[in-house]
Amino acid sequence: MSNSHVPLSEQTVGGYLAALAARVPAPGGGAAAALHAAQAAALVAMVARYTTGPRYAEHADLVARIAERCDRERERALRLADDDAAAFTAVTEAYALPKDTPAAKHHRTAAIAAALAAAAAPPAEVIGVADALMDLAEAVLPVANRNVLSDVAAASEAARAAATTARLNVEINLGGIRDEKVRTELGAVLERVDPVAERAAVVERAVRDVLV
């Protein structure tokens with residue numbers, strides 16, 4: 001089994017990067033976007049777990065909920081990285097279909113459109129993950145252990161990268177999607193990206209105001 005078919009959660013960092021650098025269809029930018037989101041989730045969870053003990057007792061329920069939600073979002077992001085790789089592989093297979101007859105061309109065109117719509121789904125969901133992670137970063141920021149405050153900003157920047165990278169991977173598929181309902185739904189998802197980036201900038205500034 002090639003490393004590109006091993007679930008991301010089971011790969012080493014070096015193995016994943018080698019697969020990303022290789023001349024293979026996947027993993028690519030979509031998987032990278034999902035991994036940005038997974039790292040954002042892990043960072044916020046870490047901050048929450050450092051914000052425990054008697055000093056933070058009044059916030060114990062909040063930080064516990066944040067940590068648990070981040071763990072779920074991390075697993076979701078890793079799943080989406082694998083989903084993205086599988087979906088993009090399906091796109092390359094659709095483009096490889098024969099087109100030597102009118103019927104074959106019609107089948108190929110329909111297969112490509114369907115594969116592109118499926119390929120847009122994982123990065124679109126990554127945008128939702130990034131949005132949720134900004135909620136969690138903003139929630140932990142006011143109560144966070146100041147020794148790990150910079151990691152809240154790092155998490156927000158990772159969430160921003162997840163959203164903006166995922167947007168590119170949705171947009172590159174839009175041109176070949178024929179279903180207007182799907183196009184409209186994806187357009188609505190894309191509108192969530194700029195607010196995520198703006199919120200990440202606000203968190204970063206808030207953290208730097210404390211640290212600098």
# chains A, B, ... in the order shown; residues from 1 in each chain; ligands from 1
>>> residues_around(residues="His5 (chain A)", least_positions_apart="3", cutoff="10 Å", atoms="only C-alpha atoms", output="ChimeraX atom specification")
/A:1-2,8,11,19,26-27,82,85-86
>>> residues_around(residues="Val203 (chain A)", least_positions_apart="6", cutoff="12 Å", atoms="only C-alpha atoms", output="list in words")
Met134, Asp135, Leu136, Ala137, Glu138, Ala139, Val140, Leu141, Pro142, Leu149, Ser150, Asp151, Val152, Ala153, Ala154, Ala155, Ser156, Glu157, Ala158, Ala159, Arg160, Val196, Ala197, Asp209 and Val210 of chain A
>>> closest_atom_pairs(of="region 2-113 of chain A", to="region 124-131 of chain A", cutoff="8 Å", atoms="only C-alpha atoms", output="Markdown table")
| residue | atom | partner | partner_atom | distance |
| --- | --- | --- | --- | --- |
| A:Ala33 | CA | A:Val126 | CA | 7.2 |
| A:Ala34 | CA | A:Val126 | CA | 5.9 |
| A:Ala37 | CA | A:Ala130 | CA | 6.0 |
| A:Glu73 | CA | A:Val129 | CA | 6.7 |
| A:Ala77 | CA | A:Val126 | CA | 6.7 |
| A:Leu80 | CA | A:Val126 | CA | 7.1 |
>>> write_last_selection(atoms="all heavy atoms", output="PDB file, in the first residue's frame")
ATOM      1  N   ALA A  33      -5.304  21.840   3.653  1.00  0.00           N
ATOM      2  CA  ALA A  33      -6.285  22.689   4.337  1.00  0.00           C
ATOM      3  C   ALA A  33      -6.860  21.975   5.550  1.00  0.00           C
ATOM      4  O   ALA A  33      -6.987  22.563   6.634  1.00  0.00           O
ATOM      5  CB  ALA A  33      -7.409  23.077   3.368  1.00  0.00           C
ATOM      6  N   ALA A  34      -7.198  20.707   5.364  1.00  0.00           N
ATOM      7  CA  ALA A  34      -7.762  19.936   6.476  1.00  0.00           C
ATOM      8  C   ALA A  34      -6.753  19.774   7.603  1.00  0.00           C
ATOM      9  O   ALA A  34      -7.107  19.819   8.788  1.00  0.00           O
ATOM     10  CB  ALA A  34      -8.233  18.575   5.978  1.00  0.00           C
ATOM     11  N   ALA A  37      -6.631  22.756   9.735  1.00  0.00           N
ATOM     12  CA  ALA A  37      -7.746  22.755  10.681  1.00  0.00           C
ATOM     13  C   ALA A  37      -7.478  21.809  11.851  1.00  0.00           C
ATOM     14  O   ALA A  37      -7.774  22.139  13.001  1.00  0.00           O
ATOM     15  CB  ALA A  37      -9.039  22.352   9.961  1.00  0.00           C
ATOM     16  N   GLU A  73     -13.370  17.937  16.556  1.00  0.00           N
ATOM     17  CA  GLU A  73     -13.092  18.667  15.322  1.00  0.00           C
ATOM     18  C   GLU A  73     -11.754  18.225  14.709  1.00  0.00           C
ATOM     19  O   GLU A  73     -11.615  18.201  13.483  1.00  0.00           O
ATOM     20  CB  GLU A  73     -13.088  20.172  15.578  1.00  0.00           C
ATOM     21  CG  GLU A  73     -14.438  20.753  15.974  1.00  0.00           C
ATOM     22  CD  GLU A  73     -15.503  20.611  14.899  1.00  0.00           C
ATOM     23  OE1 GLU A  73     -15.152  20.429  13.716  1.00  0.00           O
ATOM     24  OE2 GLU A  73     -16.701  20.682  15.245  1.00  0.00           O
ATOM     25  N   ALA A  77     -11.443  16.806  10.990  1.00  0.00           N
ATOM     26  CA  ALA A  77     -10.527  17.379  10.000  1.00  0.00           C
ATOM     27  C   ALA A  77      -9.633  16.311   9.379  1.00  0.00           C
ATOM     28  O   ALA A  77      -9.392  16.309   8.167  1.00  0.00           O
ATOM     29  CB  ALA A  77      -9.678  18.479  10.638  1.00  0.00           C
ATOM     30  N   LEU A  80     -11.592  14.461   6.901  1.00  0.00           N
ATOM     31  CA  LEU A  80     -11.787  15.252   5.689  1.00  0.00           C
ATOM     32  C   LEU A  80     -10.540  15.255   4.808  1.00  0.00           C
ATOM     33  O   LEU A  80     -10.644  15.314   3.581  1.00  0.00           O
ATOM     34  CB  LEU A  80     -12.182  16.684   6.055  1.00  0.00           C
ATOM     35  CG  LEU A  80     -13.605  16.828   6.604  1.00  0.00           C
ATOM     36  CD1 LEU A  80     -13.813  18.232   7.167  1.00  0.00           C
ATOM     37  CD2 LEU A  80     -14.633  16.520   5.518  1.00  0.00           C
TER      38      LEU A  80
END
>>> closest_residue(among="A:Ala103, A:Arg108, A:Val143, A:Leu78", to="Glu58 (chain A)", atoms="only C-alpha atoms")
A:Val143
>>> atom_distance(atom1="CA of Val189 (chain A)", atom2="CA of Gly29 (chain A)")
17.8 Å
>>> select_by_dssp(residues="chain A", states="helix (DSSP H, G or I)", output="PyMOL selection string")
chain A and resi 3-5+8-10+13-21+29-50+54-95+102-143+146-174+180-190+193-211
